[in-house]
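J.: First, the structure itself, so that you have it in front of you.
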Amino acid sequence: MADPQWWRDAVVYQIYVRSFADADGDGVGDLEGIRARLGYLELLGVDTLWLTPFYTSPMADHGYDVADPRDVDPVFGDLAAFDRLVADAHEHGLRVTIDLVPNHTSREHEWFRAALDAAPGSPERARYHFRRGRGPDGDEPPNNWQSVFGGPAWTRVQDPDGSPGEWYLHLFAPEQPDLNWTNAEVWADLEKTLRFWLDRDVDGFRIDVAHGMSKPPDLPDTREEREPAGDDERWAPASGEPDPRFDHDDVHGVHRMIRAVLDHYPGRLVMGEVWVGDSSRFSRYVRADELHLGFNFRLVRAPFDAAAVRSAIEQSLGAVADAGSSPGWTLSNHDISRPVTRYGGGEAGLARARAMTLVELALPGMVFLYNGEELGLPDADLPDDVLQDPIWELSGHTRRGRDRSRVPIPWEGSAPGYGFTASDPWLPMPPEYGKLVAAEQLEDTGSTLSLVRRAIELRKTHPGFQGQELEWFGAPTGCLAFRRAGTTLVCALNTSAEIVPLPPGEVILASGPLTDGMLPPDTAAWLA
Ligand code: GLC
């Protein structure tokens, strides 16, 4: 664990804490539940955990609305449970990174409550973005910004005397007021939070909405309608038109501050969620004195098509090359549809997701796996009345939101709950999850779990996974093949409808059965 650049090729496993494992039987996952599953994670072979927010929260956005960033919500445990988890994870050779949410707080944060009790123009209100409304009575929002989750990005409050008052900005739910990053107290508080967790021995942070935080001072109207087209389109720029809500230049000062704090703690990592489409804008976030690494979402957005996958890989590599950073690859997380479903669902969707996992794990850089991805879980089809994601309400029931990829993990057994909980899980687990339980997949050499385990093991031990540069080979239409420069290990992917010959070499791993030594559709193979 001594290498200060350990993260460059690490496999990071994202735990959606609410859905991973429930130790205290209330239907919601918790820190003790994670601790009880560390053996599984060690067996899977991942290097690092990323825990989604477990801080004190009214859970309007399941923890991304933080009321106290320096304490644990009772539903997840307490600080002692957190310390036990970190210590035990380290014993298992696993690093622990945690999610920080600096763009906004909860409405229940003591600062926001103080702001509501204080007068317009007060220092309490200056920590957020309060503005007078437009129109003669101030009853129209201060600008035309939309919330990412749907509806206006502004909510009106009452003045302390009960009369209609100012509006506050929230790029997400109304329960998530945006902080004002020109306010010195906001900076000082984040610094305090960073040190608080670094001193508790965390190995790093994932910065939520790392392209947010800073806003243009005059909060200008957007020039185009930005209501997202679908749940997975949230931050996609609709055109080349810059979006004044995000990626404001001053945000880089915040990242430099974060990095300066981390540099006092050797070997700790800061990575960021950067939904910025333009590669040169993206690369600014991973400059030498900012984030170590940014999540690049190009691979998520690529359809299952060799040309699109290759172009996403090349663009991602290009975006970090100039800055001297390394890429972070992701196919799945708690905000987007699961790959099995995205690639078409059913057997074909699963085969394609397995193939893409081999592509991803062959790439240089950090790889993120989202809990359940290693089991080949599809999205869950949930009835309207159980949906909890604020997107469902805020979009006026036009977007179903992200609950479908947040359903708890099936661990073992055949009865509902599947080892996740002894009571009712917070979202219902579909019966088809019962066929994908981890315990059975561990015993089955053909399972997705066994494939992912073997792939991670080879990635760590085989010399073919060294080096940062890729070399591409000629490949039949609908196929791609590459290797790390200077090595002999080739990854081949077939997204076409034809069976194709494999490149020369011995197959050391394939995502599905070969056909007479050839590569069938929806399949990838590693050859040495
Ligand atoms: C990030 C999180 C998402 C959350 C949002 C607001 O995008 O990944 O789950 O809803 O930020 O905090």
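Every chain in the structure tokens has a letter given in the order shown (A, B, ...), and although residue numbers restart at 1 in each chain, ligands are simply numbered from 1 in the order shown.
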Could you list, as a VMD selection string, all the residues within 10 Å of ligand 1, counting only C-alpha atoms and all ligand atoms?
T.: chain A and resid 16 52 to 53 60 to 66 99 to 106 148 to 149 170 to 173 176 206 to 210 212 234 to 235 273 to 275 333 to 336 389 to 391 402
J.: Neighbouring residues of A:Ala188 were defined as those with any atom within 12 Å, considering only C-alpha atoms; residues of the same chain fewer than 5 positions away were excluded. Please report them as a short mmCIF file (atom, residue, chain, number, x, y, z; two decimals) with C-alpha atoms, in the first residue's frame.
T.:
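Written out: out39.cif:
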data_model
loop_
_atom_site.label_atom_id
_atom_site.label_comp_id
_atom_site.auth_asym_id
_atom_site.auth_seq_id
_atom_site.Cartn_x
_atom_site.Cartn_y
_atom_site.Cartn_z
CA PRO A 102 -19.66 20.72 -1.80
CA ARG A 127 -23.62 31.60 2.28
CA TRP A 181 -18.63 29.70 -3.43
CA THR A 182 -17.57 33.33 -3.28
CA ASN A 183 -18.13 33.18 0.49
CA THR A 193 -14.53 18.63 6.42
CA LEU A 194 -11.61 17.40 4.32
CA ARG A 195 -9.28 17.36 7.31
CA VAL A 254 -11.88 25.31 -5.33
CA MET A 257 -7.74 24.43 -2.51
CA ILE A 258 -8.88 20.82 -2.12
CA VAL A 261 -5.13 20.21 1.58
#
J.: Would you list the contacts of A:Gly345 as an mmCIF file with all heavy atoms, in the first residue's frame, taking every protein, DNA or RNA residue within 12 Å and counting only C-alpha atoms, but skipping same-chain residues closer than 3 positions in sequence?
T.:
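Generated file (around-v4.cif):
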data_model
loop_
_atom_site.group_PDB
_atom_site.id
_atom_site.type_symbol
_atom_site.label_atom_id
_atom_site.label_comp_id
_atom_site.auth_asym_id
_atom_site.auth_seq_id
_atom_site.Cartn_x
_atom_site.Cartn_y
_atom_site.Cartn_z
ATOM 1 N N SER A 337 -28.867 4.149 -15.990
ATOM 2 C CA SER A 337 -29.392 2.815 -16.236
ATOM 3 C C SER A 337 -28.252 1.802 -16.223
ATOM 4 O O SER A 337 -27.140 2.099 -16.676
ATOM 5 C CB SER A 337 -30.060 2.861 -17.613
ATOM 6 O OG SER A 337 -30.670 1.665 -17.916
ATOM 7 N N ARG A 338 -28.510 0.597 -15.695
ATOM 8 C CA ARG A 338 -27.443 -0.410 -15.633
ATOM 9 C C ARG A 338 -27.081 -0.897 -17.043
ATOM 10 O O ARG A 338 -27.944 -0.971 -17.918
ATOM 11 C CB ARG A 338 -27.882 -1.576 -14.759
ATOM 12 C CG ARG A 338 -27.846 -1.244 -13.254
ATOM 13 C CD ARG A 338 -28.082 -2.490 -12.443
ATOM 14 N NE ARG A 338 -27.949 -2.281 -11.004
ATOM 15 C CZ ARG A 338 -26.797 -2.318 -10.323
ATOM 16 N NH1 ARG A 338 -25.668 -2.538 -10.970
ATOM 17 N NH2 ARG A 338 -26.794 -2.132 -9.027
ATOM 18 N N PRO A 339 -25.793 -1.255 -17.268
ATOM 19 C CA PRO A 339 -25.353 -1.620 -18.620
ATOM 20 C C PRO A 339 -26.171 -2.744 -19.255
ATOM 21 O O PRO A 339 -26.492 -2.682 -20.445
ATOM 22 C CB PRO A 339 -23.901 -2.052 -18.424
ATOM 23 C CG PRO A 339 -23.457 -1.441 -17.144
ATOM 24 C CD PRO A 339 -24.675 -1.196 -16.315
ATOM 25 N N VAL A 340 -26.525 -3.778 -18.487
ATOM 26 C CA VAL A 340 -27.287 -4.901 -19.066
ATOM 27 C C VAL A 340 -28.549 -4.366 -19.742
ATOM 28 O O VAL A 340 -28.908 -4.783 -20.852
ATOM 29 C CB VAL A 340 -27.654 -5.924 -17.964
ATOM 30 C CG1 VAL A 340 -28.602 -6.983 -18.490
ATOM 31 C CG2 VAL A 340 -26.395 -6.547 -17.366
ATOM 32 N N THR A 341 -29.202 -3.424 -19.105
ATOM 33 C CA THR A 341 -30.440 -2.856 -19.643
ATOM 34 C C THR A 341 -30.135 -1.869 -20.766
ATOM 35 O O THR A 341 -30.777 -1.877 -21.820
ATOM 36 C CB THR A 341 -31.217 -2.161 -18.508
ATOM 37 O OG1 THR A 341 -31.435 -3.120 -17.471
ATOM 38 C CG2 THR A 341 -32.550 -1.606 -18.998
ATOM 39 N N ARG A 342 -29.113 -1.041 -20.545
ATOM 40 C CA ARG A 342 -28.758 -0.034 -21.555
ATOM 41 C C ARG A 342 -28.388 -0.677 -22.890
ATOM 42 O O ARG A 342 -28.685 -0.157 -23.954
ATOM 43 C CB ARG A 342 -27.560 0.761 -21.052
ATOM 44 C CG ARG A 342 -27.837 2.195 -20.877
ATOM 45 C CD ARG A 342 -26.663 3.026 -20.409
ATOM 46 N NE ARG A 342 -25.337 2.577 -20.642
ATOM 47 C CZ ARG A 342 -24.442 2.329 -19.674
ATOM 48 N NH1 ARG A 342 -24.766 2.492 -18.407
ATOM 49 N NH2 ARG A 342 -23.224 1.909 -19.957
ATOM 50 N N ALA A 348 -28.935 -10.810 -24.611
ATOM 51 C CA ALA A 348 -28.015 -10.002 -25.419
ATOM 52 C C ALA A 348 -27.447 -8.862 -24.570
ATOM 53 O O ALA A 348 -26.246 -8.584 -24.608
ATOM 54 C CB ALA A 348 -28.729 -9.440 -26.637
ATOM 55 N N GLY A 349 -28.296 -8.216 -23.770
ATOM 56 C CA GLY A 349 -27.823 -7.125 -22.924
ATOM 57 C C GLY A 349 -26.751 -7.603 -21.958
ATOM 58 O O GLY A 349 -25.726 -6.936 -21.756
ATOM 59 N N LEU A 350 -26.987 -8.785 -21.383
ATOM 60 C CA LEU A 350 -26.003 -9.331 -20.438
ATOM 61 C C LEU A 350 -24.696 -9.672 -21.161
ATOM 62 O O LEU A 350 -23.607 -9.341 -20.690
ATOM 63 C CB LEU A 350 -26.582 -10.572 -19.737
ATOM 64 C CG LEU A 350 -25.632 -11.264 -18.754
ATOM 65 C CD1 LEU A 350 -25.222 -10.318 -17.618
ATOM 66 C CD2 LEU A 350 -26.270 -12.528 -18.166
ATOM 67 N N ALA A 351 -24.812 -10.308 -22.332
ATOM 68 C CA ALA A 351 -23.598 -10.672 -23.074
ATOM 69 C C ALA A 351 -22.793 -9.416 -23.424
ATOM 70 O O ALA A 351 -21.561 -9.384 -23.313
ATOM 71 C CB ALA A 351 -23.978 -11.435 -24.346
ATOM 72 N N ARG A 352 -23.500 -8.371 -23.824
ATOM 73 C CA ARG A 352 -22.799 -7.132 -24.200
ATOM 74 C C ARG A 352 -22.165 -6.460 -22.984
ATOM 75 O O ARG A 352 -21.044 -5.947 -23.064
ATOM 76 C CB ARG A 352 -23.785 -6.170 -24.859
ATOM 77 C CG ARG A 352 -24.242 -6.670 -26.202
ATOM 78 C CD ARG A 352 -25.389 -5.862 -26.738
ATOM 79 N NE ARG A 352 -25.831 -6.429 -28.011
ATOM 80 C CZ ARG A 352 -26.965 -6.137 -28.600
ATOM 81 N NH1 ARG A 352 -27.800 -5.260 -28.042
ATOM 82 N NH2 ARG A 352 -27.277 -6.694 -29.748
ATOM 83 N N ALA A 353 -22.880 -6.463 -21.874
ATOM 84 C CA ALA A 353 -22.320 -5.857 -20.663
ATOM 85 C C ALA A 353 -21.061 -6.619 -20.242
ATOM 86 O O ALA A 353 -20.057 -6.016 -19.847
ATOM 87 C CB ALA A 353 -23.358 -5.863 -19.539
ATOM 88 N N GLY A 376 -24.029 -8.779 -12.923
ATOM 89 C CA GLY A 376 -24.816 -8.663 -14.158
ATOM 90 C C GLY A 376 -26.259 -8.279 -13.881
ATOM 91 O O GLY A 376 -27.169 -8.666 -14.617
ATOM 92 N N LEU A 377 -26.493 -7.491 -12.850
ATOM 93 C CA LEU A 377 -27.871 -7.085 -12.547
ATOM 94 C C LEU A 377 -28.404 -6.179 -13.652
ATOM 95 O O LEU A 377 -27.712 -5.271 -14.105
ATOM 96 C CB LEU A 377 -27.950 -6.305 -11.227
ATOM 97 C CG LEU A 377 -27.582 -7.014 -9.929
ATOM 98 C CD1 LEU A 377 -27.861 -6.094 -8.743
ATOM 99 C CD2 LEU A 377 -28.332 -8.326 -9.775
ATOM 100 N N PRO A 378 -29.654 -6.407 -14.062
ATOM 101 C CA PRO A 378 -30.317 -5.438 -14.935
ATOM 102 C C PRO A 378 -30.996 -4.368 -14.081
ATOM 103 O O PRO A 378 -31.061 -4.485 -12.858
ATOM 104 C CB PRO A 378 -31.367 -6.287 -15.646
ATOM 105 C CG PRO A 378 -31.726 -7.348 -14.645
ATOM 106 C CD PRO A 378 -30.489 -7.572 -13.777
ATOM 107 N N ASP A 379 -31.525 -3.338 -14.724
ATOM 108 C CA ASP A 379 -32.393 -2.393 -14.013
ATOM 109 C C ASP A 379 -33.603 -3.151 -13.475
ATOM 110 O O ASP A 379 -34.045 -4.132 -14.079
ATOM 111 C CB ASP A 379 -32.929 -1.323 -14.980
ATOM 112 C CG ASP A 379 -31.894 -0.270 -15.302
ATOM 113 O OD1 ASP A 379 -30.810 -0.283 -14.704
ATOM 114 O OD2 ASP A 379 -32.198 0.571 -16.171
ATOM 115 N N ALA A 380 -34.145 -2.656 -12.378
ATOM 116 C CA ALA A 380 -35.384 -3.242 -11.861
ATOM 117 C C ALA A 380 -36.559 -2.431 -12.397
ATOM 118 O O ALA A 380 -36.498 -1.209 -12.461
ATOM 119 C CB ALA A 380 -35.365 -3.212 -10.339
ATOM 120 N N ASP A 381 -37.592 -3.154 -12.764
ATOM 121 C CA ASP A 381 -38.811 -2.533 -13.265
ATOM 122 C C ASP A 381 -39.680 -2.248 -12.047
ATOM 123 O O ASP A 381 -40.225 -3.174 -11.467
ATOM 124 C CB ASP A 381 -39.484 -3.584 -14.151
ATOM 125 C CG ASP A 381 -40.202 -2.944 -15.286
ATOM 126 O OD1 ASP A 381 -40.285 -1.705 -15.296
ATOM 127 O OD2 ASP A 381 -40.674 -3.705 -16.159
#
J.: Show me, as a VMD selection string, the residues that have an atom within 10 Å of stretch 470-474 of chain A when counting only C-alpha atoms, minus same-chain residues fewer than 5 positions from it.
T.: chain A and resid 310 313 to 314 317 363 to 364 479 to 487 490 to 492 503
J.: Filtering to N, CA, C and O atoms, could you give me those residues as a compact mmCIF listing (two decimals), in the first residue's frame?
T.:
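File written: selection-v4.txt
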# COMPACT_ATOMS: atom_id res chain seq x y z
N ARG A 310 -14.68 2.79 -29.62
CA ARG A 310 -13.29 3.21 -29.89
C ARG A 310 -13.17 4.73 -29.79
O ARG A 310 -12.23 5.26 -29.20
N ILE A 313 -13.15 5.87 -26.24
CA ILE A 313 -11.87 5.56 -25.57
C ILE A 313 -10.81 6.57 -26.01
O ILE A 313 -10.08 7.14 -25.19
N GLU A 314 -10.74 6.81 -27.33
CA GLU A 314 -9.70 7.73 -27.82
C GLU A 314 -9.92 9.14 -27.29
O GLU A 314 -8.96 9.81 -26.89
N LEU A 317 -8.88 9.26 -23.62
CA LEU A 317 -7.43 9.26 -23.45
C LEU A 317 -6.86 10.62 -23.82
O LEU A 317 -5.98 11.16 -23.13
N LEU A 363 -8.27 -1.52 -20.20
CA LEU A 363 -7.80 -0.16 -20.47
C LEU A 363 -6.84 0.34 -19.38
O LEU A 363 -6.97 -0.04 -18.22
N PRO A 364 -5.94 1.23 -19.76
CA PRO A 364 -5.07 1.84 -18.75
C PRO A 364 -5.84 2.89 -17.96
O PRO A 364 -6.67 3.60 -18.52
N CYS A 479 -16.04 -4.38 -35.24
CA CYS A 479 -15.16 -4.99 -34.23
C CYS A 479 -14.04 -4.02 -33.90
O CYS A 479 -13.76 -3.09 -34.66
N LEU A 480 -13.40 -4.24 -32.76
CA LEU A 480 -12.19 -3.48 -32.46
C LEU A 480 -11.21 -4.40 -31.77
O LEU A 480 -11.58 -5.43 -31.20
N ALA A 481 -9.93 -4.01 -31.84
CA ALA A 481 -8.88 -4.76 -31.15
C ALA A 481 -7.78 -3.80 -30.78
O ALA A 481 -7.42 -2.92 -31.56
N PHE A 482 -7.29 -3.92 -29.55
CA PHE A 482 -6.19 -3.04 -29.12
C PHE A 482 -5.32 -3.79 -28.12
O PHE A 482 -5.70 -4.83 -27.59
N ARG A 483 -4.14 -3.23 -27.90
CA ARG A 483 -3.30 -3.70 -26.80
C ARG A 483 -2.58 -2.51 -26.21
O ARG A 483 -2.52 -1.44 -26.81
N ARG A 484 -2.08 -2.69 -25.00
CA ARG A 484 -1.22 -1.66 -24.43
C ARG A 484 0.11 -1.71 -25.18
O ARG A 484 0.68 -2.80 -25.36
N ALA A 485 0.60 -0.55 -25.59
CA ALA A 485 1.83 -0.48 -26.37
C ALA A 485 2.96 -1.22 -25.65
O ALA A 485 3.13 -1.08 -24.44
N GLY A 486 3.70 -2.00 -26.42
CA GLY A 486 4.86 -2.69 -25.86
C GLY A 486 4.51 -4.00 -25.18
O GLY A 486 5.40 -4.69 -24.67
N THR A 487 3.23 -4.39 -25.15
CA THR A 487 2.88 -5.68 -24.54
C THR A 487 2.29 -6.58 -25.63
O THR A 487 2.11 -6.16 -26.77
N VAL A 490 -3.84 -8.72 -26.26
CA VAL A 490 -4.80 -8.04 -27.14
C VAL A 490 -6.22 -8.22 -26.60
O VAL A 490 -6.58 -9.31 -26.16
N CYS A 491 -7.00 -7.14 -26.64
CA CYS A 491 -8.42 -7.23 -26.31
C CYS A 491 -9.20 -7.04 -27.60
O CYS A 491 -9.00 -6.06 -28.31
N ALA A 492 -10.07 -7.99 -27.90
CA ALA A 492 -10.88 -7.92 -29.13
C ALA A 492 -12.36 -7.90 -28.76
O ALA A 492 -12.78 -8.65 -27.89
N PRO A 503 -7.87 -12.33 -33.55
CA PRO A 503 -6.46 -12.03 -33.84
C PRO A 503 -5.58 -13.19 -33.34
O PRO A 503 -6.05 -14.00 -32.53
J.: For A:Gly365, find every residue with an atom within 9 Å (counting only C-alpha atoms), except residues of its own chain fewer than 2 positions away, and show them as a PDB file with all heavy atoms, in the first residue's frame.
T.:
ATOM      1  N   TRP A   7      -3.500   4.845  -7.258  1.00  0.00           N
ATOM      2  CA  TRP A   7      -4.809   4.972  -7.890  1.00  0.00           C
ATOM      3  C   TRP A   7      -4.772   4.854  -9.399  1.00  0.00           C
ATOM      4  O   TRP A   7      -5.767   4.590 -10.038  1.00  0.00           O
ATOM      5  CB  TRP A   7      -5.425   6.307  -7.484  1.00  0.00           C
ATOM      6  CG  TRP A   7      -4.450   7.439  -7.530  1.00  0.00           C
ATOM      7  CD1 TRP A   7      -3.621   7.852  -6.513  1.00  0.00           C
ATOM      8  CD2 TRP A   7      -4.145   8.252  -8.657  1.00  0.00           C
ATOM      9  NE1 TRP A   7      -2.841   8.884  -6.939  1.00  0.00           N
ATOM     10  CE2 TRP A   7      -3.150   9.162  -8.257  1.00  0.00           C
ATOM     11  CE3 TRP A   7      -4.639   8.313  -9.954  1.00  0.00           C
ATOM     12  CZ2 TRP A   7      -2.615  10.105  -9.119  1.00  0.00           C
ATOM     13  CZ3 TRP A   7      -4.117   9.266 -10.814  1.00  0.00           C
ATOM     14  CH2 TRP A   7      -3.104  10.149 -10.397  1.00  0.00           C
ATOM     15  N   ARG A   8      -3.602   5.026 -10.000  1.00  0.00           N
ATOM     16  CA  ARG A   8      -3.533   5.109 -11.471  1.00  0.00           C
ATOM     17  C   ARG A   8      -4.181   3.918 -12.179  1.00  0.00           C
ATOM     18  O   ARG A   8      -4.811   4.092 -13.200  1.00  0.00           O
ATOM     19  CB  ARG A   8      -2.088   5.263 -11.928  1.00  0.00           C
ATOM     20  CG  ARG A   8      -1.609   6.695 -11.747  1.00  0.00           C
ATOM     21  CD  ARG A   8      -0.400   6.988 -12.601  1.00  0.00           C
ATOM     22  NE  ARG A   8      -0.131   8.417 -12.609  1.00  0.00           N
ATOM     23  CZ  ARG A   8      -0.322   9.205 -13.666  1.00  0.00           C
ATOM     24  NH1 ARG A   8      -0.750   8.712 -14.802  1.00  0.00           N
ATOM     25  NH2 ARG A   8      -0.071  10.493 -13.588  1.00  0.00           N
ATOM     26  N   ASP A   9      -3.988   2.716 -11.665  1.00  0.00           N
ATOM     27  CA  ASP A   9      -4.569   1.540 -12.320  1.00  0.00           C
ATOM     28  C   ASP A   9      -5.565   0.813 -11.425  1.00  0.00           C
ATOM     29  O   ASP A   9      -5.902  -0.337 -11.667  1.00  0.00           O
ATOM     30  CB  ASP A   9      -3.463   0.571 -12.747  1.00  0.00           C
ATOM     31  CG  ASP A   9      -2.913   0.936 -14.112  1.00  0.00           C
ATOM     32  OD1 ASP A   9      -3.713   1.105 -15.044  1.00  0.00           O
ATOM     33  OD2 ASP A   9      -1.689   1.076 -14.230  1.00  0.00           O
ATOM     34  N   ALA A  10      -6.035   1.493 -10.388  1.00  0.00           N
ATOM     35  CA  ALA A  10      -6.857   0.813  -9.387  1.00  0.00           C
ATOM     36  C   ALA A  10      -8.241   0.452  -9.927  1.00  0.00           C
ATOM     37  O   ALA A  10      -8.765   1.094 -10.839  1.00  0.00           O
ATOM     38  CB  ALA A  10      -6.996   1.710  -8.161  1.00  0.00           C
ATOM     39  N   VAL A  11      -8.823  -0.584  -9.343  1.00  0.00           N
ATOM     40  CA  VAL A  11     -10.231  -0.909  -9.599  1.00  0.00           C
ATOM     41  C   VAL A  11     -11.014  -0.435  -8.379  1.00  0.00           C
ATOM     42  O   VAL A  11     -10.771  -0.879  -7.253  1.00  0.00           O
ATOM     43  CB  VAL A  11     -10.440  -2.416  -9.831  1.00  0.00           C
ATOM     44  CG1 VAL A  11     -11.919  -2.717 -10.066  1.00  0.00           C
ATOM     45  CG2 VAL A  11      -9.607  -2.898 -11.018  1.00  0.00           C
ATOM     46  N   SER A 326      -4.438  10.439 -15.617  1.00  0.00           N
ATOM     47  CA  SER A 326      -4.806   9.184 -16.263  1.00  0.00           C
ATOM     48  C   SER A 326      -6.322   9.043 -16.241  1.00  0.00           C
ATOM     49  O   SER A 326      -7.005   9.675 -15.442  1.00  0.00           O
ATOM     50  CB  SER A 326      -4.082   7.996 -15.625  1.00  0.00           C
ATOM     51  OG  SER A 326      -4.503   7.815 -14.321  1.00  0.00           O
ATOM     52  N   PRO A 327      -6.861   8.219 -17.134  1.00  0.00           N
ATOM     53  CA  PRO A 327      -8.324   8.180 -17.268  1.00  0.00           C
ATOM     54  C   PRO A 327      -9.027   7.420 -16.147  1.00  0.00           C
ATOM     55  O   PRO A 327      -8.414   6.620 -15.454  1.00  0.00           O
ATOM     56  CB  PRO A 327      -8.531   7.470 -18.608  1.00  0.00           C
ATOM     57  CG  PRO A 327      -7.275   6.745 -18.891  1.00  0.00           C
ATOM     58  CD  PRO A 327      -6.170   7.409 -18.148  1.00  0.00           C
ATOM     59  N   GLY A 328     -10.300   7.713 -15.991  1.00  0.00           N
ATOM     60  CA  GLY A 328     -11.158   6.962 -15.066  1.00  0.00           C
ATOM     61  C   GLY A 328     -12.348   6.452 -15.867  1.00  0.00           C
ATOM     62  O   GLY A 328     -13.092   7.245 -16.417  1.00  0.00           O
ATOM     63  N   TRP A 329     -12.496   5.128 -15.930  1.00  0.00           N
ATOM     64  CA  TRP A 329     -13.512   4.530 -16.808  1.00  0.00           C
ATOM     65  C   TRP A 329     -14.711   4.074 -16.005  1.00  0.00           C
ATOM     66  O   TRP A 329     -14.579   3.453 -14.959  1.00  0.00           O
ATOM     67  CB  TRP A 329     -12.935   3.317 -17.536  1.00  0.00           C
ATOM     68  CG  TRP A 329     -11.673   3.634 -18.266  1.00  0.00           C
ATOM     69  CD1 TRP A 329     -10.410   3.340 -17.864  1.00  0.00           C
ATOM     70  CD2 TRP A 329     -11.544   4.310 -19.524  1.00  0.00           C
ATOM     71  NE1 TRP A 329      -9.491   3.775 -18.786  1.00  0.00           N
ATOM     72  CE2 TRP A 329     -10.164   4.376 -19.822  1.00  0.00           C
ATOM     73  CE3 TRP A 329     -12.462   4.861 -20.432  1.00  0.00           C
ATOM     74  CZ2 TRP A 329      -9.685   4.982 -20.991  1.00  0.00           C
ATOM     75  CZ3 TRP A 329     -11.970   5.452 -21.589  1.00  0.00           C
ATOM     76  CH2 TRP A 329     -10.600   5.509 -21.847  1.00  0.00           C
ATOM     77  N   LEU A 363      -8.272  -1.520 -20.197  1.00  0.00           N
ATOM     78  CA  LEU A 363      -7.796  -0.161 -20.468  1.00  0.00           C
ATOM     79  C   LEU A 363      -6.842   0.337 -19.382  1.00  0.00           C
ATOM     80  O   LEU A 363      -6.971  -0.044 -18.216  1.00  0.00           O
ATOM     81  CB  LEU A 363      -8.995   0.792 -20.573  1.00  0.00           C
ATOM     82  CG  LEU A 363      -9.886   0.569 -21.798  1.00  0.00           C
ATOM     83  CD1 LEU A 363     -11.188   1.348 -21.661  1.00  0.00           C
ATOM     84  CD2 LEU A 363      -9.147   0.974 -23.074  1.00  0.00           C
ATOM     85  N   VAL A 367     -10.551   2.011 -13.044  1.00  0.00           N
ATOM     86  CA  VAL A 367     -11.836   1.460 -13.496  1.00  0.00           C
ATOM     87  C   VAL A 367     -12.806   1.465 -12.320  1.00  0.00           C
ATOM     88  O   VAL A 367     -12.454   1.041 -11.216  1.00  0.00           O
ATOM     89  CB  VAL A 367     -11.656   0.023 -14.036  1.00  0.00           C
ATOM     90  CG1 VAL A 367     -13.017  -0.605 -14.342  1.00  0.00           C
ATOM     91  CG2 VAL A 367     -10.794   0.031 -15.290  1.00  0.00           C
ATOM     92  N   GLN A 468       0.653   2.882 -20.487  1.00  0.00           N
ATOM     93  CA  GLN A 468      -0.494   3.784 -20.574  1.00  0.00           C
ATOM     94  C   GLN A 468      -0.980   4.003 -22.004  1.00  0.00           C
ATOM     95  O   GLN A 468      -2.084   4.460 -22.216  1.00  0.00           O
ATOM     96  CB  GLN A 468      -0.136   5.139 -19.941  1.00  0.00           C
ATOM     97  CG  GLN A 468       0.204   5.076 -18.456  1.00  0.00           C
ATOM     98  CD  GLN A 468      -1.004   4.665 -17.598  1.00  0.00           C
ATOM     99  OE1 GLN A 468      -2.085   5.219 -17.728  1.00  0.00           O
ATOM    100  NE2 GLN A 468      -0.818   3.680 -16.731  1.00  0.00           N
TER     101      GLN A 468
END
J.: Calculated over only C-alpha atoms, which of the candidates A:Val309, A:Leu527, A:Ala319, A:Ala23 has the smallest distance to A:Gly505?
T.: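 Going through A:Val309, A:Leu527, A:Ala319, A:Ala23 one by one, the smallest distance to A:Gly505 is for A:Leu527.
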J.: If you run DSSP over the backbone, which residues in stretch 296-502 of chain A end up alpha helix (DSSP H)? Put them as a ChimeraX atom specification.
T.: /A:298-301,306-321,339-342,346-362,390-394,438-443,448-461
J.: Using DSSP assignments from the backbone, pull out every residue in stretch 350-517 of chain A that falls under strand (DSSP E) and give it to me as a count of residues only.
T.: 23
J.: Do you know which residues are at most 12 Å from stretch 435-439 of chain A counting only C-alpha atoms, after dropping those on the same chain fewer than 5 positions away, and could you put them as a PyMOL selection string?
T.: chain A and resi 20+37+40-41+43-44+350+371-378+408-420+429-430+444+447-450
J.: Nearest to A:Val452: which of A:Leu94, A:Ala355, A:Ala528, A:Ala115 is it, counting only C-alpha atoms?
T.: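 Closest candidate: A:Ala355.
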J.: Excluding A:Ala126 and its own-chain neighbours fewer than 3 positions away, which residues fall within 12 Å of it when counting only C-alpha atoms? Please give them as a ChimeraX atom specification.
T.: /A:111-112,114-116,118-123,129-131,168,178-186
J.: So, with only C-alpha atoms as the atoms that count, which of A:Leu502, A:Ala422, A:Ala288, A:Val86 lies closest to A:Gly25?
T.: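 Smallest distance to A:Gly25 is found for A:Ala422.
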J.: When distances are computed from only C-alpha atoms, which of A:Leu369, A:Met271, A:Ala2, A:Val75 shows the smallest separation from A:Leu291?
T.: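 Residue with the minimum atom-to-atom distance to A:Leu291: A:Met271.
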J.: Rank A:Asp278, A:Asp218, A:Glu91, A:Asp203 by their smallest atom-to-atom distance to A:Glu42, using only C-alpha atoms, and report the top residue only.
T.: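 Closest residue, counting only C-alpha atoms: A:Glu91.
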J.: Ranking A:Pro501, A:Pro513, A:Pro69, A:Gly204 by minimum distance to A:Gly446 and counting only C-alpha atoms, which one comes first?
T.: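 Looking at the shortest contact to A:Gly446, the residue is A:Pro513.
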